[in-house]
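Undergrad: Structure: coords39.txt, compact mmCIF, C-alpha atoms.
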# COMPACT_ATOMS: atom_id res chain seq x y z
CA MET A 17 0.00 0.00 0.00
CA ARG A 18 2.87 2.35 0.89
CA LEU A 19 4.48 1.59 -2.48
CA VAL A 20 1.26 2.47 -4.31
CA ASN A 21 0.99 5.76 -2.42
CA THR A 22 4.62 6.60 -3.13
CA ILE A 23 4.17 5.95 -6.84
CA ALA A 24 1.06 8.13 -6.87
CA LEU A 25 2.98 10.99 -5.30
CA LEU A 26 5.88 10.88 -7.78
CA PRO A 27 4.30 13.25 -10.35
CA LEU A 28 3.57 15.82 -7.62
CA LEU A 29 7.11 15.49 -6.27
CA ALA A 30 8.56 16.01 -9.74
CA LEU A 31 6.43 19.13 -10.20
CA LEU A 32 7.52 20.61 -6.89
CA THR A 33 11.25 20.00 -7.48
CA ALA A 34 11.37 21.00 -11.13
CA ALA A 35 12.96 24.28 -12.17
CA PRO A 36 10.34 27.01 -12.47
CA LEU A 37 8.97 27.58 -15.96
CA ARG A 38 10.07 30.85 -17.52
CA ALA A 39 7.74 33.08 -19.44
CA GLN A 40 8.33 33.18 -23.16
CA VAL A 41 10.16 36.34 -24.17
CA ALA A 42 8.30 38.09 -27.00
CA PHE A 43 10.13 40.06 -29.67
CA GLY A 44 8.82 42.35 -32.39
CA PRO A 45 6.57 45.44 -32.39
CA SER A 46 4.98 46.29 -29.06
CA GLU A 47 2.70 49.10 -30.24
CA GLU A 48 1.17 50.53 -33.39
CA GLU A 49 3.09 52.82 -35.71
CA GLY A 50 2.83 56.55 -35.02
CA GLU A 51 4.22 59.86 -36.16
CA PRO A 52 6.71 61.07 -37.03
CA LEU A 53 8.63 58.70 -39.30
CA ARG A 54 6.36 55.71 -38.60
CA ARG A 55 7.78 55.64 -35.08
CA GLN A 56 7.14 52.28 -33.42
CA ALA A 57 8.24 50.62 -30.19
CA TRP A 58 9.80 47.18 -30.57
CA ARG A 59 11.32 44.48 -28.40
CA VAL A 60 14.57 42.92 -29.62
CA PRO A 61 16.86 40.18 -28.26
CA SER A 62 19.42 40.92 -25.57
CA SER A 63 22.31 38.92 -24.13
CA ASP A 64 19.97 38.00 -21.27
CA GLY A 65 17.74 35.29 -22.70
CA ASP A 66 15.00 36.16 -20.20
CA LEU A 67 14.85 39.83 -21.06
CA ALA A 68 13.91 41.67 -24.26
CA ALA A 69 15.59 45.00 -24.95
CA ARG A 70 13.37 47.95 -25.76
CA ALA A 71 13.91 49.70 -29.08
CA LEU A 72 12.45 52.36 -31.34
CA LEU A 73 12.04 51.79 -35.07
CA PHE A 74 11.66 54.46 -37.74
CA ARG A 75 11.20 53.82 -41.47
CA PRO A 76 10.25 55.40 -44.78
CA PRO A 77 6.82 54.99 -46.40
CA GLY A 78 6.14 51.77 -48.23
CA PRO A 79 6.89 48.11 -47.68
CA GLY A 80 10.65 48.14 -48.36
CA PRO A 81 12.91 46.30 -48.24
CA PHE A 82 15.03 49.10 -46.76
CA ARG A 83 18.67 49.22 -45.84
CA LEU A 84 19.01 49.04 -42.07
CA ALA A 85 20.74 51.59 -39.85
CA VAL A 86 21.31 50.79 -36.17
CA ILE A 87 22.12 53.66 -33.81
CA ALA A 88 24.03 52.64 -30.66
CA HIS A 89 23.52 55.07 -27.78
CA ALA A 90 25.88 56.55 -25.21
CA SER A 91 26.21 55.18 -21.67
CA THR A 92 27.54 56.00 -18.21
CA GLN A 93 29.17 54.13 -15.35
CA ASN A 94 26.76 55.83 -12.94
CA ALA A 95 24.03 53.29 -12.12
CA LEU A 96 21.43 55.89 -11.08
CA ARG A 97 21.90 57.91 -14.26
CA ARG A 98 21.60 54.76 -16.36
CA ALA A 99 18.36 53.75 -14.63
CA GLN A 100 16.90 57.21 -15.23
CA MET A 101 17.89 57.43 -18.90
CA PRO A 102 14.97 58.20 -21.21
CA PRO A 103 14.54 55.89 -24.21
CA PRO A 104 17.29 56.75 -26.71
CA GLU A 105 15.73 58.21 -29.83
CA TYR A 106 18.22 60.32 -31.83
CA ARG A 107 15.25 61.63 -33.81
CA PRO A 108 17.15 64.22 -35.93
CA LEU A 109 19.67 61.56 -36.95
CA ALA A 110 16.87 59.05 -37.56
CA ALA A 111 15.06 61.59 -39.74
CA TYR A 112 18.26 62.17 -41.74
CA LEU A 113 18.59 58.45 -42.35
CA VAL A 114 14.92 57.76 -43.09
CA ALA A 115 14.99 60.53 -45.70
CA ARG A 116 17.76 58.56 -47.39
CA GLY A 117 15.80 55.34 -47.47
CA PHE A 118 16.94 53.62 -44.29
CA ALA A 119 14.89 51.79 -41.69
CA VAL A 120 16.41 52.99 -38.42
CA LEU A 121 16.55 50.96 -35.21
CA VAL A 122 17.59 52.56 -31.90
CA PRO A 123 17.86 49.73 -29.36
CA GLU A 124 18.22 50.36 -25.64
CA ARG A 125 20.87 48.09 -24.17
CA LEU A 126 20.77 46.08 -20.94
CA GLY A 127 21.23 48.04 -17.74
CA HIS A 128 19.67 51.22 -19.14
CA GLY A 129 16.31 52.92 -18.62
CA GLY A 130 13.17 50.89 -19.15
CA THR A 131 15.03 47.81 -20.39
CA GLY A 132 16.80 47.34 -17.08
CA GLY A 133 18.66 44.15 -16.29
CA ARG A 134 22.33 43.68 -15.49
CA TYR A 135 24.80 46.21 -16.88
CA VAL A 136 27.01 43.86 -18.89
CA GLU A 137 29.14 46.70 -20.33
CA ASP A 138 30.73 47.64 -17.00
CA GLN A 139 34.35 48.65 -17.61
CA GLY A 140 35.41 48.45 -13.97
CA GLY A 141 37.24 51.07 -11.91
CA CYS A 142 39.21 53.94 -13.38
CA ASP A 143 42.66 52.47 -12.82
CA GLU A 144 41.83 48.87 -13.76
CA ALA A 145 39.33 49.53 -16.55
CA ASP A 146 38.80 46.69 -19.04
CA TYR A 147 37.84 48.63 -22.13
CA ALA A 148 38.18 45.75 -24.57
CA ARG A 149 35.70 43.62 -22.62
CA SER A 150 33.17 46.42 -22.24
CA GLY A 151 33.43 47.24 -25.96
CA ARG A 152 32.83 43.64 -26.95
CA ALA A 153 29.76 43.48 -24.68
CA THR A 154 28.34 46.56 -26.41
CA ALA A 155 29.16 45.05 -29.81
CA ASP A 156 27.28 41.87 -28.89
CA ALA A 157 24.18 43.91 -27.99
CA ILE A 158 24.32 45.81 -31.29
CA SER A 159 24.80 42.58 -33.22
CA LEU A 160 21.83 40.85 -31.58
CA ALA A 161 19.47 43.73 -32.38
CA LEU A 162 20.77 44.08 -35.93
CA GLY A 163 20.54 40.36 -36.60
CA TYR A 164 16.93 40.23 -35.46
CA LEU A 165 15.86 43.15 -37.66
CA ARG A 166 17.59 41.61 -40.68
CA GLU A 167 15.11 38.74 -40.40
CA GLN A 168 12.17 41.10 -41.04
CA ASP A 169 10.65 41.23 -44.53
CA PHE A 170 10.94 45.02 -44.76
CA VAL A 171 14.71 45.00 -44.17
CA ARG A 172 17.43 44.15 -46.66
CA LYS A 173 19.79 41.37 -45.65
CA ASP A 174 22.88 43.25 -46.81
CA ALA A 175 24.57 46.66 -46.55
CA ALA A 176 23.40 47.63 -43.06
CA ILE A 177 25.19 50.48 -41.32
CA VAL A 178 25.96 51.07 -37.65
CA ILE A 179 26.23 54.55 -36.13
CA GLY A 180 27.61 54.62 -32.60
CA HIS A 181 27.77 57.49 -30.11
CA SER A 182 30.31 57.59 -27.28
CA ALA A 183 30.19 54.17 -25.54
CA GLY A 184 27.93 53.02 -28.38
CA GLY A 185 30.62 54.14 -30.80
CA TRP A 186 33.22 52.23 -28.81
CA GLY A 187 31.08 49.12 -29.17
CA ALA A 188 30.71 49.82 -32.88
CA LEU A 189 34.52 49.79 -33.19
CA ALA A 190 34.55 46.38 -31.51
CA LEU A 191 31.93 45.28 -34.06
CA SER A 192 34.14 46.26 -37.01
CA ASN A 193 35.26 42.62 -37.24
CA ALA A 194 31.78 41.61 -38.51
CA ASP A 195 30.91 40.40 -42.01
CA PRO A 196 31.31 43.40 -44.36
CA LYS A 197 28.54 42.02 -46.57
CA ALA A 198 26.09 42.31 -43.69
CA ILE A 199 27.43 45.65 -42.36
CA SER A 200 28.87 47.86 -45.08
CA ALA A 201 30.00 50.84 -42.98
CA ILE A 202 30.38 52.08 -39.41
CA THR A 203 30.29 55.71 -38.28
CA VAL A 204 31.31 56.66 -34.75
CA PHE A 205 30.79 59.94 -32.93
CA ALA A 206 33.28 60.53 -30.09
CA PRO A 207 33.86 56.80 -29.48
CA GLY A 208 35.44 55.77 -26.20
CA ARG A 209 35.01 54.87 -22.57
CA GLY A 210 36.21 56.51 -19.36
CA GLY A 211 35.86 60.12 -20.54
CA HIS A 212 35.45 63.02 -18.09
CA ALA A 213 37.37 61.09 -15.45
CA ASN A 214 36.38 62.43 -12.02
CA ASP A 215 33.99 64.75 -13.91
CA GLU A 216 36.95 66.66 -15.38
CA PRO A 217 36.84 67.65 -19.08
CA ASN A 218 39.59 66.20 -21.27
CA GLN A 219 40.52 63.65 -18.61
CA VAL A 220 40.32 59.94 -19.48
CA CYS A 221 40.61 56.98 -17.11
CA ALA A 222 43.58 54.75 -17.98
CA PRO A 223 44.21 56.32 -21.41
CA HIS A 224 46.93 53.83 -22.32
CA THR A 225 44.52 50.97 -21.71
CA LEU A 226 41.98 52.64 -24.00
CA LEU A 227 44.63 53.04 -26.71
CA ALA A 228 45.61 49.38 -26.39
CA ALA A 229 41.98 48.30 -26.73
CA ALA A 230 41.57 50.46 -29.87
CA ALA A 231 44.60 48.71 -31.36
CA GLU A 232 43.08 45.34 -30.42
CA PHE A 233 39.85 46.20 -32.23
CA GLY A 234 41.81 47.35 -35.26
CA LYS A 235 43.61 44.01 -35.63
CA ALA A 236 40.39 42.19 -36.46
CA ALA A 237 38.61 45.05 -38.27
CA ARG A 238 36.99 44.28 -41.64
CA ILE A 239 34.54 47.18 -42.00
CA PRO A 240 35.55 50.78 -42.87
CA VAL A 241 34.97 53.32 -40.11
CA THR A 242 34.27 57.06 -40.23
CA TRP A 243 35.50 58.58 -36.95
CA LEU A 244 34.02 61.98 -35.97
CA VAL A 245 34.79 64.06 -32.85
CA ALA A 246 34.03 67.52 -31.47
CA ASP A 247 34.10 67.31 -27.68
CA SER A 248 35.87 67.36 -24.33
CA TYR A 249 35.14 63.75 -23.37
CA PHE A 250 37.53 62.44 -26.00
CA ALA A 251 39.19 65.58 -27.31
CA PRO A 252 40.32 65.68 -30.95
CA ALA A 253 44.02 65.32 -30.07
CA PHE A 254 43.43 62.21 -27.96
CA SER A 255 40.81 60.86 -30.37
CA GLN A 256 43.39 61.18 -33.14
CA LYS A 257 45.69 58.92 -31.11
CA LEU A 258 42.85 56.40 -30.66
CA ALA A 259 42.17 56.40 -34.41
CA ASP A 260 45.89 56.03 -35.14
CA ALA A 261 46.06 53.04 -32.78
CA PHE A 262 43.07 51.47 -34.52
CA ARG A 263 44.57 52.08 -37.97
CA GLY A 264 48.10 51.15 -36.93
CA SER A 265 47.06 47.58 -36.19
CA GLY A 266 45.11 47.13 -39.42
CA GLY A 267 41.78 48.95 -39.09
CA LYS A 268 40.54 51.27 -41.83
CA ALA A 269 39.27 54.60 -40.49
CA GLU A 270 38.82 58.13 -41.77
CA PHE A 271 39.23 60.60 -38.93
CA ARG A 272 37.49 64.00 -38.93
CA SER A 273 37.37 66.72 -36.29
CA LEU A 274 34.13 68.71 -36.44
CA PRO A 275 33.35 72.17 -35.07
CA ALA A 276 31.41 71.76 -31.84
CA VAL A 277 27.72 72.60 -31.81
CA GLY A 278 26.36 73.78 -28.47
CA SER A 279 28.26 73.98 -25.20
CA GLU A 280 29.57 70.41 -25.45
CA GLY A 281 30.17 68.84 -28.84
CA HIS A 282 30.01 65.34 -27.36
CA TRP A 283 26.22 65.50 -27.56
CA MET A 284 25.86 67.31 -30.89
CA ILE A 285 24.70 64.23 -32.80
CA GLU A 286 21.55 64.21 -30.67
CA SER A 287 20.47 67.61 -32.01
CA GLU A 288 19.15 68.80 -35.36
CA ALA A 289 21.89 71.46 -35.57
CA GLY A 290 24.53 68.84 -34.84
CA VAL A 291 23.28 66.45 -37.50
CA LYS A 292 23.21 69.33 -39.98
CA ALA A 293 26.80 70.27 -39.08
CA ALA A 294 27.91 66.67 -39.60
CA GLY A 295 25.83 66.28 -42.77
CA SER A 296 28.65 66.27 -45.32
CA GLU A 297 30.65 63.71 -43.34
CA LEU A 298 27.57 61.56 -42.86
CA ALA A 299 26.82 61.68 -46.57
CA ARG A 300 30.35 60.57 -47.39
CA ALA A 301 30.17 57.78 -44.81
CA LEU A 302 26.83 56.53 -46.11
CA ASN A 303 28.16 56.38 -49.66
CA GLU A 304 24.89 57.73 -50.97
CA ASN A 305 25.77 56.79 -54.54
CA ARG A 306 25.75 53.13 -53.58
CA PRO A 307 23.35 51.29 -55.94
CA ALA A 308 20.13 50.04 -54.42
CA ALA A 309 19.41 46.35 -54.29
CA VAL A 310 17.74 45.12 -57.47
CA LYS A 311 15.11 42.43 -57.24
CA LYS A 312 15.58 39.62 -59.69
CA PRO A 313 12.58 38.99 -61.96
CA ARG A 314 10.67 35.86 -61.17
CA ASP A 315 10.98 32.96 -63.52
CA ASN A 316 7.39 32.06 -64.41
CA ARG A 317 8.26 29.16 -66.63
Before we go any further, please render this structure as structure tokens.
TA:
Amino acid sequence: MRLVNTIALLPLLALLTAAPLRAQVAFGPSEEEGEPLRRQAWRVPSSDGDLAARALLFRPPGPGPFRLAVIAHASTQNALRRAQMPPPEYRPLAAYLVARGFAVLVPERLGHGGTGGRYVEDQGGCDEADYARSGRATADAISLALGYLREQDFVRKDAAIVIGHSAGGWGALALSNADPKAISAITVFAPGRGGHANDEPNQVCAPHTLLAAAAEFGKAARIPVTWLVADSYFAPAFSQKLADAFRGSGGKAEFRSLPAVGSEGHWMIESEAGVKAAGSELARALNENRPAAVKKPRDNR
């Protein structure tokens, strides 16, 4: 009798000791399209399999397929500031790109704003900063979001571009080892980590470590980079050294110093005036004369 009771209890015992079931993470659009620029909230994959990253998508009229542009946002080591960050939008830059036929994705990475989760891009303390590791973590986040959007019918599978700002630009440099058929060009605005050390302009935590990491990214680089600066986080003179380190180990990069717009040029790419000031360099980076993809006629035989 005891044996029968024990056998009867086995299914309940298995249920109680089993690992808890996890809710299915849903990706894709999370609201209807709106204005301007067909603005739409999306959820995209993150490096945490249990957490979707929030994102904003903008695109031109029509069904596409469109070339894809992914904008990688800036970051901060300050946990409170990260938690309070509004959703990154870069609307003037998105409008510039949409007008040129791009679908534009602005994903919010783990550890920021409404996405939350663990901050996987942490570089560590000022003296022992690991800039290569933090850059690769950012690159992984960009790659996951880009790869998911490339699966959508309205997005072309080739010739995507990545535009990175500050820490997002640093991650974009780490991503320059990707397939150049999938990502045709990378543009970075004031790329780096550890700027404004101790809240002091033109001071960088462990600058030699940052230079070494730039050289490391350059060794594996396969995608051309346009490198633009106009700020006191990574001043033009130091940014030139970073670009030289990247190029010296094999990376291909065109370096340009821009006149600052506003009180701090580091943030100019977030403004309409800043995008306008960078317009000629952006146009060159986008290679606007690049031929559009041509659909092959169907064989109806």
Undergrad: So, counting all atoms listed in the file, which residue among A:Gly127, A:Pro240, A:Gly211, A:Pro252 is closest to Arg300 of chain A?
TA: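 Of all the options, A:Pro240 lies closest to Arg300 of chain A.
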Undergrad: Which value, in Å to one decimal, gives the distance between atom CA of His282 of chain A and atom CA of Thr203 of chain A?
TA: 14.6 Å
Undergrad: Can you pull out every residue within 6 Å of Ser200 of chain A, counting only C-alpha atoms, but drop anything in the same chain fewer than 4 positions away, and send it as a PyMOL selection string?
TA: chain A and resi 175-177+196
Undergrad: For a test of reading the model, state the distance in Å between atom CA of Asp195 of chain A and atom CA of Val122 of chain A, rounded to one decimal.
TA: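 A separation of 20.7 Å between them.
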Undergrad: Which residues come within 12 Å of segment 42-48 of chain A, counting all atoms listed in the file, excluding same-chain residues fewer than 5 positions away, as a PDB file with C-alpha atoms, in the coordinates of the input?
TA:
ATOM      1  CA  ARG A  54       6.360  55.710 -38.600  1.00  0.00           C
ATOM      2  CA  ARG A  55       7.780  55.640 -35.080  1.00  0.00           C
ATOM      3  CA  GLN A  56       7.140  52.280 -33.420  1.00  0.00           C
ATOM      4  CA  ALA A  57       8.240  50.620 -30.190  1.00  0.00           C
ATOM      5  CA  TRP A  58       9.800  47.180 -30.570  1.00  0.00           C
ATOM      6  CA  ARG A  59      11.320  44.480 -28.400  1.00  0.00           C
ATOM      7  CA  VAL A  60      14.570  42.920 -29.620  1.00  0.00           C
ATOM      8  CA  PRO A  61      16.860  40.180 -28.260  1.00  0.00           C
ATOM      9  CA  SER A  62      19.420  40.920 -25.570  1.00  0.00           C
ATOM     10  CA  GLY A  65      17.740  35.290 -22.700  1.00  0.00           C
ATOM     11  CA  ASP A  66      15.000  36.160 -20.200  1.00  0.00           C
ATOM     12  CA  LEU A  67      14.850  39.830 -21.060  1.00  0.00           C
ATOM     13  CA  ALA A  68      13.910  41.670 -24.260  1.00  0.00           C
ATOM     14  CA  ALA A  69      15.590  45.000 -24.950  1.00  0.00           C
ATOM     15  CA  ARG A  70      13.370  47.950 -25.760  1.00  0.00           C
ATOM     16  CA  ALA A  71      13.910  49.700 -29.080  1.00  0.00           C
ATOM     17  CA  LEU A  72      12.450  52.360 -31.340  1.00  0.00           C
ATOM     18  CA  LEU A  73      12.040  51.790 -35.070  1.00  0.00           C
ATOM     19  CA  PHE A  74      11.660  54.460 -37.740  1.00  0.00           C
ATOM     20  CA  LEU A 121      16.550  50.960 -35.210  1.00  0.00           C
ATOM     21  CA  LEU A 160      21.830  40.850 -31.580  1.00  0.00           C
ATOM     22  CA  ALA A 161      19.470  43.730 -32.380  1.00  0.00           C
ATOM     23  CA  TYR A 164      16.930  40.230 -35.460  1.00  0.00           C
ATOM     24  CA  LEU A 165      15.860  43.150 -37.660  1.00  0.00           C
ATOM     25  CA  GLU A 167      15.110  38.740 -40.400  1.00  0.00           C
ATOM     26  CA  GLN A 168      12.170  41.100 -41.040  1.00  0.00           C
TER      27      GLN A 168
END
Undergrad: Using all atoms listed in the file, which residue out of A:Phe250, A:Tyr112, A:Tyr135, A:Phe271 lies closest to Gln93 of chain A?
TA: A:Tyr135
Undergrad: Which one is closest to Glu216 of chain A: A:Arg149, A:Ile239, A:Leu191, A:Tyr249? Count only C-alpha atoms.
TA: A:Tyr249
Undergrad: Which one is closest to Gly117 of chain A: A:Val178, A:Ala95, A:Leu84, A:Leu244? Count only C-alpha atoms.
TA: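 Closest to Gly117 of chain A of all the choices is A:Leu84.
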Undergrad: One decimal, in Å: what's the spacing between atom CA of Asp169 of chain A and atom CA of Ala115 of chain A?
TA: 19.8 Å
Undergrad: Which residue gives the smallest distance to Pro207 of chain A among A:Ala194, A:Ile179, A:His224, A:Ala119, with all atoms listed in the file counted?
TA: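 Closest residue, counting all atoms listed in the file: A:Ile179.
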Undergrad: Would you please work out which residue, of A:Gly180, A:Gly266, A:Pro108, A:Gly278, is nearest to Gly295 of chain A when using only C-alpha atoms?
TA: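 Among A:Gly180, A:Gly266, A:Pro108, A:Gly278, it is A:Pro108 that comes nearest to Gly295 of chain A.
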Undergrad: Please provide as a count of residues only all residues within 12 Å of Val204 of chain A, with the sequence filter that same-chain residues fewer than 2 positions apart are discarded (counting only C-alpha atoms).
TA: 46
Undergrad: Write out as a ChimeraX atom specification the residues lying within 10 Å of Glu286 of chain A, counting all atoms listed in the file and excluding same-chain residues fewer than 5 positions away.
TA: /A:89,104-110,181,281,291
Undergrad: What's the 6 Å shell around segment 229-233 of chain A, counting only C-alpha atoms, without same-chain residues fewer than 2 positions away, as an MDAnalysis selection string?
TA: chainID A and resid 148 190 226:227 235:236 261:262 265
Undergrad: Counting only C-alpha atoms, which residues have an atom no more than 12 Å from (40.8, 47.1, -19.0) in the file's coordinates? Please list them as a ChimeraX atom specification.
TA: /A:137-152,209-210,221-230,232
Undergrad: Would you mind writing segment 98-121 of chain A with N, CA and C atoms, as an mmCIF file, in the frame of the given file?
TA:
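File rebuild01.cif, as written:
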data_model
loop_
_atom_site.group_PDB
_atom_site.id
_atom_site.type_symbol
_atom_site.label_atom_id
_atom_site.label_comp_id
_atom_site.auth_asym_id
_atom_site.auth_seq_id
_atom_site.Cartn_x
_atom_site.Cartn_y
_atom_site.Cartn_z
ATOM 1 N N ARG A 98 22.018 55.759 -15.365
ATOM 2 C CA ARG A 98 21.600 54.760 -16.360
ATOM 3 C C ARG A 98 20.133 54.387 -16.162
ATOM 4 N N ALA A 99 19.750 54.155 -14.910
ATOM 5 C CA ALA A 99 18.360 53.750 -14.630
ATOM 6 C C ALA A 99 17.374 54.844 -15.019
ATOM 7 N N GLN A 100 17.796 56.099 -14.945
ATOM 8 C CA GLN A 100 16.900 57.210 -15.230
ATOM 9 C C GLN A 100 16.963 57.663 -16.694
ATOM 10 N N MET A 101 17.761 57.013 -17.502
ATOM 11 C CA MET A 101 17.890 57.430 -18.900
ATOM 12 C C MET A 101 16.566 57.297 -19.641
ATOM 13 N N PRO A 102 16.156 58.334 -20.371
ATOM 14 C CA PRO A 102 14.970 58.200 -21.210
ATOM 15 C C PRO A 102 15.286 57.293 -22.391
ATOM 16 N N PRO A 103 14.270 56.765 -23.061
ATOM 17 C CA PRO A 103 14.540 55.890 -24.210
ATOM 18 C C PRO A 103 15.369 56.630 -25.258
ATOM 19 N N PRO A 104 16.489 56.075 -25.684
ATOM 20 C CA PRO A 104 17.290 56.750 -26.710
ATOM 21 C C PRO A 104 16.508 56.847 -28.012
ATOM 22 N N GLU A 105 16.559 58.008 -28.638
ATOM 23 C CA GLU A 105 15.730 58.210 -29.830
ATOM 24 C C GLU A 105 16.533 58.750 -31.007
ATOM 25 N N TYR A 106 17.398 59.729 -30.758
ATOM 26 C CA TYR A 106 18.220 60.320 -31.830
ATOM 27 C C TYR A 106 17.336 60.688 -33.029
ATOM 28 N N ARG A 107 16.237 61.386 -32.744
ATOM 29 C CA ARG A 107 15.250 61.630 -33.810
ATOM 30 C C ARG A 107 15.805 62.441 -34.977
ATOM 31 N N PRO A 108 16.609 63.516 -34.765
ATOM 32 C CA PRO A 108 17.150 64.220 -35.930
ATOM 33 C C PRO A 108 18.019 63.327 -36.814
ATOM 34 N N LEU A 109 18.845 62.487 -36.180
ATOM 35 C CA LEU A 109 19.670 61.560 -36.950
ATOM 36 C C LEU A 109 18.810 60.517 -37.643
ATOM 37 N N ALA A 110 17.792 60.015 -36.951
ATOM 38 C CA ALA A 110 16.870 59.050 -37.560
ATOM 39 C C ALA A 110 16.163 59.662 -38.757
ATOM 40 N N ALA A 111 15.736 60.921 -38.632
ATOM 41 C CA ALA A 111 15.060 61.590 -39.740
ATOM 42 C C ALA A 111 15.992 61.737 -40.939
ATOM 43 N N TYR A 112 17.251 62.062 -40.678
ATOM 44 C CA TYR A 112 18.260 62.170 -41.740
ATOM 45 C C TYR A 112 18.381 60.841 -42.492
ATOM 46 N N LEU A 113 18.406 59.766 -41.748
ATOM 47 C CA LEU A 113 18.590 58.450 -42.350
ATOM 48 C C LEU A 113 17.338 57.947 -43.061
ATOM 49 N N VAL A 114 16.177 58.163 -42.457
ATOM 50 C CA VAL A 114 14.920 57.760 -43.090
ATOM 51 C C VAL A 114 14.747 58.479 -44.425
ATOM 52 N N ALA A 115 15.104 59.769 -44.463
ATOM 53 C CA ALA A 115 14.990 60.530 -45.700
ATOM 54 C C ALA A 115 15.878 59.954 -46.802
ATOM 55 N N ARG A 116 16.854 59.179 -46.429
ATOM 56 C CA ARG A 116 17.760 58.560 -47.390
ATOM 57 C C ARG A 116 17.469 57.085 -47.586
ATOM 58 N N GLY A 117 16.275 56.674 -47.155
ATOM 59 C CA GLY A 117 15.800 55.340 -47.470
ATOM 60 C C GLY A 117 16.112 54.252 -46.472
ATOM 61 N N PHE A 118 16.577 54.622 -45.294
ATOM 62 C CA PHE A 118 16.940 53.620 -44.290
ATOM 63 C C PHE A 118 15.786 53.363 -43.310
ATOM 64 N N ALA A 119 15.632 52.108 -42.915
ATOM 65 C CA ALA A 119 14.890 51.790 -41.690
ATOM 66 C C ALA A 119 15.887 51.949 -40.550
ATOM 67 N N VAL A 120 15.481 52.627 -39.482
ATOM 68 C CA VAL A 120 16.410 52.990 -38.420
ATOM 69 C C VAL A 120 15.962 52.365 -37.103
ATOM 70 N N LEU A 121 16.828 51.585 -36.508
ATOM 71 C CA LEU A 121 16.550 50.960 -35.210
ATOM 72 C C LEU A 121 17.446 51.603 -34.167
#
